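K.L.:
The structure file final_38.tsv (TSV, C-alpha atoms and all ligand atoms) is provided below.
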chain	number	residue	atom	x	y	z
A	18	MET	CA	-86.96	100.69	73.51
A	19	ARG	CA	-87.13	104.43	73.82
A	20	LYS	CA	-86.27	105.78	77.25
A	21	LYS	CA	-89.08	107.97	78.56
A	22	ILE	CA	-88.31	111.65	79.11
A	23	ILE	CA	-90.17	113.98	81.46
A	24	ALA	CA	-89.29	117.66	81.20
A	25	GLY	CA	-90.62	120.53	83.29
A	26	ASN	CA	-91.18	123.82	81.50
A	27	TRP	CA	-91.19	126.35	84.29
A	28	LYS	CA	-91.96	129.25	81.91
A	29	MET	CA	-91.58	132.70	83.55
A	30	ASN	CA	-91.79	131.30	87.08
A	31	LYS	CA	-89.38	130.85	89.99
A	32	THR	CA	-86.77	133.17	91.42
A	33	VAL	CA	-83.30	131.79	92.07
A	34	ALA	CA	-84.22	130.87	95.66
A	35	GLU	CA	-87.46	129.21	94.55
A	36	ALA	CA	-85.69	127.34	91.76
A	37	LYS	CA	-83.11	125.96	94.20
A	38	SER	CA	-85.82	124.78	96.53
A	39	LEU	CA	-87.83	123.14	93.70
A	40	VAL	CA	-84.76	121.32	92.37
A	41	ASP	CA	-83.96	120.17	95.92
A	42	GLY	CA	-87.47	118.78	96.31
A	43	ILE	CA	-87.30	116.90	93.00
A	44	LYS	CA	-83.82	115.61	93.78
A	45	LEU	CA	-84.88	114.31	97.16
A	46	GLU	CA	-87.90	112.42	95.82
A	47	LEU	CA	-86.15	111.17	92.69
A	48	GLY	CA	-83.31	109.45	94.52
A	49	ASP	CA	-80.92	107.68	92.15
A	50	SER	CA	-83.56	106.32	89.79
A	51	THR	CA	-82.32	106.30	86.18
A	52	LYS	CA	-85.36	104.72	84.51
A	53	VAL	CA	-86.54	108.02	83.08
A	54	ASP	CA	-84.67	111.07	81.74
A	55	VAL	CA	-85.68	113.98	83.96
A	56	VAL	CA	-85.19	117.58	82.82
A	57	VAL	CA	-85.99	120.91	84.46
A	58	CYS	CA	-86.19	124.06	82.32
A	59	PRO	CA	-86.01	127.17	84.54
A	60	PRO	CA	-85.98	130.76	83.25
A	61	TYR	CA	-82.50	131.96	82.17
A	62	THR	CA	-81.92	133.77	85.45
A	63	ALA	CA	-82.18	130.54	87.47
A	64	ILE	CA	-80.28	128.25	85.09
A	65	SER	CA	-76.90	128.64	86.74
A	66	ALA	CA	-78.36	127.99	90.21
A	67	ALA	CA	-80.34	124.99	88.94
A	68	SER	CA	-77.21	123.54	87.32
A	69	GLU	CA	-75.36	123.78	90.63
A	70	GLN	CA	-78.28	122.30	92.51
A	71	VAL	CA	-78.72	119.23	90.24
A	72	GLU	CA	-75.12	118.17	90.80
A	73	GLY	CA	-74.91	114.61	92.05
A	74	SER	CA	-78.36	113.76	90.69
A	75	GLN	CA	-79.81	112.39	87.45
A	76	ILE	CA	-81.63	115.63	86.72
A	77	ALA	CA	-80.59	117.55	83.60
A	78	VAL	CA	-81.12	121.25	83.03
A	79	GLY	CA	-82.79	122.68	79.93
A	80	ALA	CA	-83.49	126.16	78.61
A	81	GLN	CA	-86.78	127.43	77.21
A	82	ASN	CA	-85.38	129.13	74.10
A	83	MET	CA	-82.13	130.33	72.48
A	84	HIS	CA	-80.93	132.33	69.48
A	85	PHE	CA	-79.55	130.54	66.43
A	86	GLU	CA	-76.52	132.82	66.04
A	87	ALA	CA	-73.41	132.18	68.15
A	88	SER	CA	-73.02	135.84	69.20
A	89	GLY	CA	-73.74	139.36	68.02
A	90	ALA	CA	-76.10	142.32	68.24
A	91	TYR	CA	-79.26	140.50	69.34
A	92	THR	CA	-80.38	142.37	72.44
A	93	GLY	CA	-82.05	140.16	75.01
A	94	GLU	CA	-81.01	136.88	73.42
A	95	VAL	CA	-78.68	134.06	74.47
A	96	SER	CA	-76.80	131.55	72.34
A	97	ALA	CA	-76.38	127.79	72.50
A	98	GLU	CA	-72.77	128.21	73.62
A	99	MET	CA	-73.84	130.45	76.49
A	100	LEU	CA	-76.27	127.77	77.60
A	101	ARG	CA	-73.65	125.06	77.29
A	102	GLU	CA	-71.36	127.10	79.49
A	103	GLN	CA	-74.05	126.86	82.20
A	104	TYR	CA	-74.18	123.05	81.84
A	105	VAL	CA	-77.48	123.14	79.98
A	106	ARG	CA	-78.17	119.93	78.05
A	107	TYR	CA	-81.63	120.48	76.51
A	108	VAL	CA	-83.41	123.42	74.93
A	109	ILE	CA	-87.13	123.81	74.23
A	110	LEU	CA	-87.66	125.27	70.76
A	111	GLY	CA	-90.83	126.54	69.07
A	112	HIS	CA	-93.06	126.38	72.14
A	113	SER	CA	-96.55	127.56	71.18
A	114	GLU	CA	-96.22	130.56	73.51
A	115	ARG	CA	-93.12	131.61	71.61
A	116	ARG	CA	-94.91	131.07	68.30
A	117	GLN	CA	-97.95	133.03	69.53
A	118	TYR	CA	-96.35	135.94	71.43
A	119	PHE	CA	-92.85	136.22	69.97
A	120	ALA	CA	-93.39	135.48	66.27
A	121	GLU	CA	-91.42	132.23	66.35
A	122	SER	CA	-91.65	130.65	62.88
A	123	ASP	CA	-90.89	127.19	61.53
A	124	GLU	CA	-87.90	128.77	59.80
A	125	SER	CA	-86.42	130.11	63.03
A	126	VAL	CA	-87.19	126.82	64.80
A	127	ASN	CA	-85.24	125.05	62.07
A	128	LYS	CA	-82.24	127.41	62.41
A	129	LYS	CA	-82.29	127.03	66.19
A	130	THR	CA	-82.56	123.25	65.98
A	131	ILE	CA	-79.51	123.07	63.73
A	132	ALA	CA	-77.56	125.50	65.95
A	133	ALA	CA	-78.52	123.62	69.13
A	134	LEU	CA	-77.38	120.28	67.71
A	135	ALA	CA	-74.13	121.82	66.47
A	136	ALA	CA	-73.43	123.05	70.00
A	137	GLY	CA	-74.21	119.66	71.56
A	138	LEU	CA	-77.62	120.59	72.99
A	139	ILE	CA	-80.65	118.32	72.65
A	140	PRO	CA	-83.50	120.27	71.11
A	141	ILE	CA	-87.07	119.65	72.31
A	142	VAL	CA	-88.98	120.79	69.23
A	143	CYS	CA	-92.61	121.69	69.96
A	144	VAL	CA	-95.44	121.27	67.48
A	145	GLY	CA	-99.21	121.41	67.87
A	146	GLU	CA	-102.46	122.68	66.41
A	147	THR	CA	-104.81	125.36	67.73
A	148	LEU	CA	-108.44	124.58	68.50
A	149	GLU	CA	-109.55	126.41	65.34
A	150	GLU	CA	-107.18	124.29	63.25
A	151	ARG	CA	-108.41	121.08	64.92
A	152	ASP	CA	-112.05	122.05	64.37
A	153	ALA	CA	-111.30	122.89	60.73
A	154	GLY	CA	-109.81	119.41	60.18
A	155	GLN	CA	-106.32	120.83	59.63
A	156	ILE	CA	-104.34	118.80	62.18
A	157	GLU	CA	-102.43	116.79	59.60
A	158	ASP	CA	-101.55	119.84	57.47
A	159	VAL	CA	-100.40	121.89	60.45
A	160	ILE	CA	-98.30	119.15	62.04
A	161	THR	CA	-96.82	118.09	58.70
A	162	THR	CA	-95.65	121.64	57.97
A	163	GLN	CA	-94.23	122.16	61.46
A	164	ILE	CA	-92.34	118.86	61.38
A	165	ASN	CA	-91.08	119.09	57.80
A	166	GLU	CA	-90.03	122.74	58.06
A	167	GLY	CA	-88.77	122.60	61.63
A	168	LEU	CA	-86.58	119.56	61.01
A	169	LYS	CA	-85.55	120.41	57.45
A	170	GLY	CA	-82.03	119.40	56.47
A	171	LEU	CA	-81.31	117.18	59.48
A	172	ASP	CA	-79.57	113.89	58.72
A	173	ALA	CA	-80.52	110.63	60.46
A	174	ASP	CA	-77.90	111.01	63.20
A	175	GLN	CA	-79.13	114.49	64.03
A	176	LEU	CA	-82.79	113.46	63.92
A	177	LYS	CA	-82.22	110.65	66.41
A	178	LYS	CA	-80.99	113.17	68.97
A	179	VAL	CA	-84.03	115.43	68.67
A	180	VAL	CA	-86.95	115.18	71.09
A	181	ILE	CA	-90.33	116.26	69.73
A	182	ALA	CA	-93.10	117.58	71.94
A	183	TYR	CA	-96.64	117.32	70.62
A	184	GLU	CA	-98.54	120.04	72.44
A	185	PRO	CA	-102.05	120.77	71.23
A	186	VAL	CA	-102.32	124.52	71.87
A	187	TRP	CA	-105.88	124.15	73.20
A	188	ALA	CA	-104.61	121.86	75.97
A	189	ILE	CA	-101.75	124.04	77.24
A	190	GLY	CA	-102.47	125.61	80.59
A	191	THR	CA	-106.22	125.11	80.08
A	192	GLY	CA	-106.76	122.03	82.22
A	193	ARG	CA	-108.18	120.44	79.07
A	194	THR	CA	-106.08	117.39	78.14
A	195	ALA	CA	-106.13	115.50	74.87
A	196	THR	CA	-107.54	112.02	75.39
A	197	PRO	CA	-104.91	109.27	75.17
A	198	GLU	CA	-106.44	108.28	71.82
A	199	GLN	CA	-106.35	111.83	70.42
A	200	ALA	CA	-102.74	112.20	71.50
A	201	GLN	CA	-101.67	108.78	70.21
A	202	GLU	CA	-103.23	109.54	66.81
A	203	VAL	CA	-101.07	112.63	66.36
A	204	HIS	CA	-97.97	110.95	67.81
A	205	ALA	CA	-98.37	108.16	65.25
A	206	LEU	CA	-98.79	110.77	62.52
A	207	ILE	CA	-95.55	112.45	63.66
A	208	ARG	CA	-93.68	109.14	63.66
A	209	GLY	CA	-94.95	108.49	60.14
A	210	LEU	CA	-93.65	111.89	59.04
A	211	LEU	CA	-90.26	111.07	60.59
A	212	VAL	CA	-90.14	107.84	58.55
A	213	LYS	CA	-90.60	109.92	55.40
A	214	LEU	CA	-87.88	112.34	56.51
A	215	SER	CA	-85.44	109.48	57.24
A	216	ASP	CA	-86.14	105.77	57.71
A	217	GLU	CA	-88.03	103.39	60.05
A	218	GLY	CA	-85.04	102.84	62.34
A	219	THR	CA	-84.38	106.53	62.82
A	220	ALA	CA	-88.06	107.40	63.29
A	221	GLY	CA	-88.37	104.57	65.80
A	222	ALA	CA	-85.56	106.04	67.89
A	223	VAL	CA	-86.99	109.56	68.19
A	224	ARG	CA	-88.76	110.35	71.45
A	225	ILE	CA	-92.08	112.15	71.17
A	226	GLN	CA	-93.41	113.78	74.33
A	227	TYR	CA	-96.99	114.82	74.95
A	228	GLY	CA	-97.63	118.21	76.52
A	229	GLY	CA	-100.85	119.95	77.51
A	230	SER	CA	-102.24	119.82	81.05
A	231	MET	CA	-100.45	116.56	81.84
A	232	LYS	CA	-100.73	115.93	85.57
A	233	PRO	CA	-100.48	113.03	88.03
A	234	ALA	CA	-104.14	112.12	87.43
A	235	ASN	CA	-103.83	111.61	83.68
A	236	ALA	CA	-100.13	110.87	83.13
A	237	ALA	CA	-100.29	107.07	83.33
A	238	GLU	CA	-102.93	106.62	80.65
A	239	LEU	CA	-101.21	109.04	78.29
A	240	LEU	CA	-97.81	107.46	78.86
A	241	ALA	CA	-99.24	103.99	78.21
A	242	GLN	CA	-99.79	104.86	74.53
A	243	PRO	CA	-97.29	103.21	72.20
A	244	ASP	CA	-95.95	106.42	70.62
A	245	ILE	CA	-95.99	108.64	73.73
A	246	ASP	CA	-92.45	108.64	75.07
A	247	GLY	CA	-92.74	111.18	77.84
A	248	GLY	CA	-94.19	114.51	78.78
A	249	LEU	CA	-93.45	118.22	78.61
A	250	ILE	CA	-95.05	119.54	81.75
A	251	GLY	CA	-95.99	123.16	82.50
A	252	GLY	CA	-98.16	123.84	85.55
A	253	ALA	CA	-97.60	120.50	87.26
A	254	ALA	CA	-93.82	120.92	87.01
A	255	LEU	CA	-93.87	123.84	89.45
A	256	ASP	CA	-94.53	121.52	92.37
A	257	ALA	CA	-91.97	118.83	93.23
A	258	SER	CA	-94.52	116.21	94.32
A	259	SER	CA	-96.73	116.56	91.22
A	260	PHE	CA	-93.71	116.48	88.94
A	261	ILE	CA	-92.31	113.39	90.65
A	262	GLU	CA	-95.69	111.64	90.44
A	263	ILE	CA	-95.52	112.08	86.67
A	264	VAL	CA	-91.91	110.82	86.59
A	265	LYS	CA	-93.05	107.75	88.52
A	266	ALA	CA	-95.93	107.18	86.10
A	267	ALA	CA	-93.38	107.25	83.28
A	268	ALA	CA	-91.08	104.84	85.10
A	269	ASN	CA	-93.96	102.38	85.56
A	270	SER	CA	-95.34	102.66	82.02
A	301	LIG	C1	-96.32	123.64	78.36
A	301	LIG	O1	-96.33	124.84	78.47
A	301	LIG	O2	-95.40	123.09	77.71
A	301	LIG	C2	-97.38	122.87	78.98
A	301	LIG	C3	-97.59	121.65	78.60
A	301	LIG	O3	-98.12	123.51	79.97
A	301	LIG	P1	-99.26	122.85	80.91
A	301	LIG	O4	-98.75	121.53	81.38
A	301	LIG	O5	-99.45	123.83	82.01
A	301	LIG	O6	-100.48	122.68	80.03
Show me the file's structure as structure tokens.

P.N.:
Amino acid sequence: MRKKIIAGNWKMNKTVAEAKSLVDGIKLELGDSTKVDVVVCPPYTAISAASEQVEGSQIAVGAQNMHFEASGAYTGEVSAEMLREQYVRYVILGHSERRQYFAESDESVNKKTIAALAAGLIPIVCVGETLEERDAGQIEDVITTQINEGLKGLDADQLKKVVIAYEPVWAIGTGRTATPEQAQEVHALIRGLLVKLSDEGTAGAVRIQYGGSMKPANAAELLAQPDIDGGLIGGAALDASSFIEIVKAAANS
């Protein structure tokens, strides 16, 4: 059985004070439940505060990006080690906003994934097609390239640690969610690709999250699908009650 994982991608939202208050709210409502892995991914500036605030709870802290080099002349970047020093355990890599606005490529996602694993971070590797690609019947090609290139060179032990987030770009922040069937179809495709990259046992251990306008109203039916192992949540993660509702849906699925 794969343990469900719900991660909140706060994007460029929340000051330090707001982050502390949001973590407090989640912590209060979560109690000591350990049925689901719960992750919050604040902006860099609030990571240290979030790490302090999650102490004594089951909540883990993640980052939204990192550089693949350990150090050096990369203005504006942070490394895996720097994140580790702030008690970060997860890192989102290849989010569609990074691919779209910051020229993130499958090659850089691959380098970052390898660097994150080497530093002991759990990468959340994002893949997903645009609406144009879906309409052109290119879902399989797009996802296959992103998975094969993004996870290139990983052995079975490394693959098992990776979390994948399937996020159809047309569903992110749009209020338009993939139907459970549409999502399950791509999740099954991803699991099939993982079998080819490794073996059935390894592919069966990898957690694949769905992301794209997941909210309390639609979380349960998405999380009931056999290959949907959690959610990467944007908008609904900015409010403690909505986020917790989704965590509860995962715990009951
Ligand atoms: C995201 O950015 O990862 C995301 C899924 O956003 P939203 O839930 O707002 O669609």

K.L.:
Tell me, counting all atoms listed in the file, for each residue of stretch 96-144 of chain A within 10 Å of stretch 213-237 of chain A, which pair of atoms is nearest and how far apart they are in Å to one decimal, in rows ordered by chain and increasing number, as a tab-separated table.

P.N.:
residue	atom	partner	partner_atom	distance
A:Ile141	CA	A:Gln226	CA	8.9
A:Val142	CA	A:Ile225	CA	9.4
A:Cys143	CA	A:Gly228	CA	9.0
A:Val144	CA	A:Gly228	CA	9.8

K.L.:
Kindly export the residues of the current selection with C-alpha atoms, as a PDB file, in the coordinates of the input.

P.N.:
ATOM      1  CA  ILE A 141     -87.070 119.650  72.310  1.00  0.00           C
ATOM      2  CA  VAL A 142     -88.980 120.790  69.230  1.00  0.00           C
ATOM      3  CA  CYS A 143     -92.610 121.690  69.960  1.00  0.00           C
ATOM      4  CA  VAL A 144     -95.440 121.270  67.480  1.00  0.00           C
TER       5      VAL A 144
END

K.L.:
I'd like the interatomic distance between atom CA of A:Ala136 and atom CA of A:Ala77, to a tenth of an Å.

P.N.:
16.3 Å

K.L.:
If you count all atoms listed in the file, which residues end up within 8 Å of ligand LIG 301 (chain A), as a VMD selection string?

P.N.:
chain A and resid 25 to 28 112 to 114 184 188 to 192 194 227 to 232 248 to 254

K.L.:
Record the distance separating atom CA of A:Val57 and atom CA of A:Val78, expressed in Å with one decimal.

P.N.:
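The value is 5.1 Å.
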
K.L.:
Any idea what the distance is between atom CA of A:Lys44 and atom CA of A:Glu72?

P.N.:
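For atom CA of A:Lys44 relative to atom CA of A:Glu72, the distance reads 9.5 Å.
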
K.L.:
Would you please work out which residue, of A:Glu238, A:Ala132, A:Trp187, A:Val179, is nearest to A:Asp152 when using only C-alpha atoms?

P.N.:
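Distance minimum relative to A:Asp152 lands on A:Trp187.
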
K.L.:
Select, from A:Met29, A:Gly73, A:Ala205, A:Gly137, the residue with the minimum atom-to-atom distance to A:Glu157, counting only C-alpha atoms.

P.N.:
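Looking only at the distances to A:Glu157, the closest residue turns out to be A:Ala205.
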
K.L.:
Skip A:Thr147 itself and residues of its chain fewer than 4 positions away, then list as a ChimeraX atom specification all residues within 8 Å of it, counting only C-alpha atoms.

P.N.:
/A:151,185-187

K.L.:
Dump C-alpha atoms for the selected residues as a short mmCIF file (atom, residue, chain, number, x, y, z; two decimals), keeping the file's coordinate frame?

P.N.:
data_model
loop_
_atom_site.label_atom_id
_atom_site.label_comp_id
_atom_site.auth_asym_id
_atom_site.auth_seq_id
_atom_site.Cartn_x
_atom_site.Cartn_y
_atom_site.Cartn_z
CA ARG A 151 -108.41 121.08 64.92
CA PRO A 185 -102.05 120.77 71.23
CA VAL A 186 -102.32 124.52 71.87
CA TRP A 187 -105.88 124.15 73.20
#

K.L.:
Find, counting all atoms listed in the file, the residue in A:Pro60, A:Leu138, A:Ser74, A:Arg19 that gets nearest to A:Glu46.

P.N.:
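Of the candidates, the smallest distance to A:Glu46 is held by A:Ser74.
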
K.L.:
Name the residues in contact with A:Glu35 at a cut-off of 12 Å, using all atoms listed in the file, excluding same-chain residues fewer than 3 positions from it; report them as a list in words.

P.N.:
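Listed by chain and then number, they are Trp27, Asn30, Lys31, Thr32, Ser38, Leu39, Val40, Asp41, Gly42, Pro59, Pro60, Thr62, Ala63, Ile64, Ala66, Ala67, Gln70, Leu255, Asp256 and Ala257 of chain A.
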
K.L.:
Using all atoms listed in the file for the distances, tell me which of A:Leu110, A:Leu206, A:Gly154, A:Arg115 is nearest to A:Leu168.

P.N.:
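Smallest distance to A:Leu168 is found for A:Leu110.
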
K.L.:
Can you tell me, as a list in words, what residues are no more than 10 Å from stretch 123-128 of chain A when counting only C-alpha atoms, ignoring any on the same chain fewer than 4 positions away?

P.N.:
Asn82, Met83, His84, Phe85, Glu86, Ile109, Leu110, Gly111, His112, Arg116, Ala132, Ala133, Pro140, Val142, Cys143, Val144, Thr162, Gln163, Ile164, Asn165, Glu166, Gly167, Leu168, Lys169, Gly170 and Leu171 of chain A

K.L.:
Considering only C-alpha atoms, state which residue in the set A:Tyr91, A:Leu47, A:Lys37, A:Val53 is at the smallest distance from A:Ser65.

P.N.:
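Once distances to A:Ser65 are computed over only C-alpha atoms, the minimum belongs to A:Lys37.
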
K.L.:
Go through A:Gln117, A:Ile261, A:Ala135, A:Thr51 and flag the residue nearest A:Glu98, using only C-alpha atoms for the distances.

P.N.:
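That would be A:Ala135, the residue with the smallest distance to A:Glu98.
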
K.L.:
Set the distance at 9 Å and use only C-alpha atoms: which residues neighbour A:Asn269 once local chain neighbours fewer than 2 positions away are removed? I'd like the list as a list of chain:residue names.

P.N.:
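In the requested format, the answer is A:Lys52, A:Ala237, A:Val264, A:Lys265, A:Ala266, A:Ala267.
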
K.L.:
For the selection just defined, write its residues with C-alpha atoms to a file, as a CSV table (one decimal), in the coordinates of the input.

P.N.:
chain,number,residue,atom,x,y,z
A,52,LYS,CA,-85.4,104.7,84.5
A,237,ALA,CA,-100.3,107.1,83.3
A,264,VAL,CA,-91.9,110.8,86.6
A,265,LYS,CA,-93.0,107.8,88.5
A,266,ALA,CA,-95.9,107.2,86.1
A,267,ALA,CA,-93.4,107.2,83.3

K.L.:
Output stretch 187-212 of chain A as an mmCIF file, in the coordinates of the input, making sure N, CA and C atoms are there.

P.N.:
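Result file rebuild_37.cif:
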data_model
loop_
_atom_site.group_PDB
_atom_site.id
_atom_site.type_symbol
_atom_site.label_atom_id
_atom_site.label_comp_id
_atom_site.auth_asym_id
_atom_site.auth_seq_id
_atom_site.Cartn_x
_atom_site.Cartn_y
_atom_site.Cartn_z
ATOM 1 N N TRP A 187 -104.642 124.048 72.426
ATOM 2 C CA TRP A 187 -105.880 124.150 73.200
ATOM 3 C C TRP A 187 -105.777 123.411 74.543
ATOM 4 N N ALA A 188 -104.749 122.623 74.720
ATOM 5 C CA ALA A 188 -104.610 121.860 75.970
ATOM 6 C C ALA A 188 -103.562 122.459 76.894
ATOM 7 N N ILE A 189 -102.838 123.482 76.420
ATOM 8 C CA ILE A 189 -101.750 124.040 77.240
ATOM 9 C C ILE A 189 -102.289 125.031 78.253
ATOM 10 N N GLY A 190 -102.083 124.697 79.513
ATOM 11 C CA GLY A 190 -102.470 125.610 80.590
ATOM 12 C C GLY A 190 -103.975 125.786 80.726
ATOM 13 N N THR A 191 -104.762 124.948 80.068
ATOM 14 C CA THR A 191 -106.220 125.110 80.080
ATOM 15 C C THR A 191 -106.897 124.113 80.999
ATOM 16 N N GLY A 192 -106.144 123.088 81.427
ATOM 17 C CA GLY A 192 -106.760 122.030 82.220
ATOM 18 C C GLY A 192 -107.455 121.023 81.321
ATOM 19 N N ARG A 193 -107.511 121.334 80.020
ATOM 20 C CA ARG A 193 -108.180 120.440 79.070
ATOM 21 C C ARG A 193 -107.122 119.566 78.400
ATOM 22 N N THR A 194 -107.117 118.279 78.679
ATOM 23 C CA THR A 194 -106.080 117.390 78.140
ATOM 24 C C THR A 194 -106.610 116.659 76.924
ATOM 25 N N ALA A 195 -105.734 116.375 75.977
ATOM 26 C CA ALA A 195 -106.130 115.500 74.870
ATOM 27 C C ALA A 195 -106.393 114.115 75.465
ATOM 28 N N THR A 196 -107.349 113.389 74.916
ATOM 29 C CA THR A 196 -107.540 112.020 75.390
ATOM 30 C C THR A 196 -106.319 111.215 74.938
ATOM 31 N N PRO A 197 -106.051 110.091 75.602
ATOM 32 C CA PRO A 197 -104.910 109.270 75.170
ATOM 33 C C PRO A 197 -105.027 108.910 73.684
ATOM 34 N N GLU A 198 -106.243 108.668 73.221
ATOM 35 C CA GLU A 198 -106.440 108.280 71.820
ATOM 36 C C GLU A 198 -106.145 109.460 70.883
ATOM 37 N N GLN A 199 -106.630 110.642 71.262
ATOM 38 C CA GLN A 199 -106.350 111.830 70.420
ATOM 39 C C GLN A 199 -104.856 112.080 70.342
ATOM 40 N N ALA A 200 -104.179 111.955 71.479
ATOM 41 C CA ALA A 200 -102.740 112.200 71.500
ATOM 42 C C ALA A 200 -102.005 111.134 70.688
ATOM 43 N N GLN A 201 -102.341 109.875 70.918
ATOM 44 C CA GLN A 201 -101.670 108.780 70.210
ATOM 45 C C GLN A 201 -101.813 108.945 68.684
ATOM 46 N N GLU A 202 -102.998 109.385 68.258
ATOM 47 C CA GLU A 202 -103.230 109.540 66.810
ATOM 48 C C GLU A 202 -102.225 110.523 66.206
ATOM 49 N N VAL A 203 -102.002 111.633 66.902
ATOM 50 C CA VAL A 203 -101.070 112.630 66.360
ATOM 51 C C VAL A 203 -99.615 112.165 66.526
ATOM 52 N N HIS A 204 -99.332 111.469 67.623
ATOM 53 C CA HIS A 204 -97.970 110.950 67.810
ATOM 54 C C HIS A 204 -97.627 109.959 66.700
ATOM 55 N N ALA A 205 -98.608 109.121 66.335
ATOM 56 C CA ALA A 205 -98.370 108.160 65.250
ATOM 57 C C ALA A 205 -98.181 108.890 63.922
ATOM 58 N N LEU A 206 -98.957 109.964 63.743
ATOM 59 C CA LEU A 206 -98.790 110.770 62.520
ATOM 60 C C LEU A 206 -97.372 111.344 62.467
ATOM 61 N N ILE A 207 -96.902 111.864 63.604
ATOM 62 C CA ILE A 207 -95.550 112.450 63.660
ATOM 63 C C ILE A 207 -94.508 111.382 63.342
ATOM 64 N N ARG A 208 -94.682 110.185 63.923
ATOM 65 C CA ARG A 208 -93.680 109.140 63.660
ATOM 66 C C ARG A 208 -93.684 108.772 62.177
ATOM 67 N N GLY A 209 -94.861 108.766 61.577
ATOM 68 C CA GLY A 209 -94.950 108.490 60.140
ATOM 69 C C GLY A 209 -94.220 109.558 59.322
ATOM 70 N N LEU A 210 -94.340 110.801 59.749
ATOM 71 C CA LEU A 210 -93.650 111.890 59.040
ATOM 72 C C LEU A 210 -92.127 111.735 59.182
ATOM 73 N N LEU A 211 -91.698 111.267 60.362
ATOM 74 C CA LEU A 211 -90.260 111.070 60.590
ATOM 75 C C LEU A 211 -89.721 109.946 59.706
ATOM 76 N N VAL A 212 -90.551 108.918 59.463
ATOM 77 C CA VAL A 212 -90.140 107.840 58.550
ATOM 78 C C VAL A 212 -89.865 108.427 57.175
#
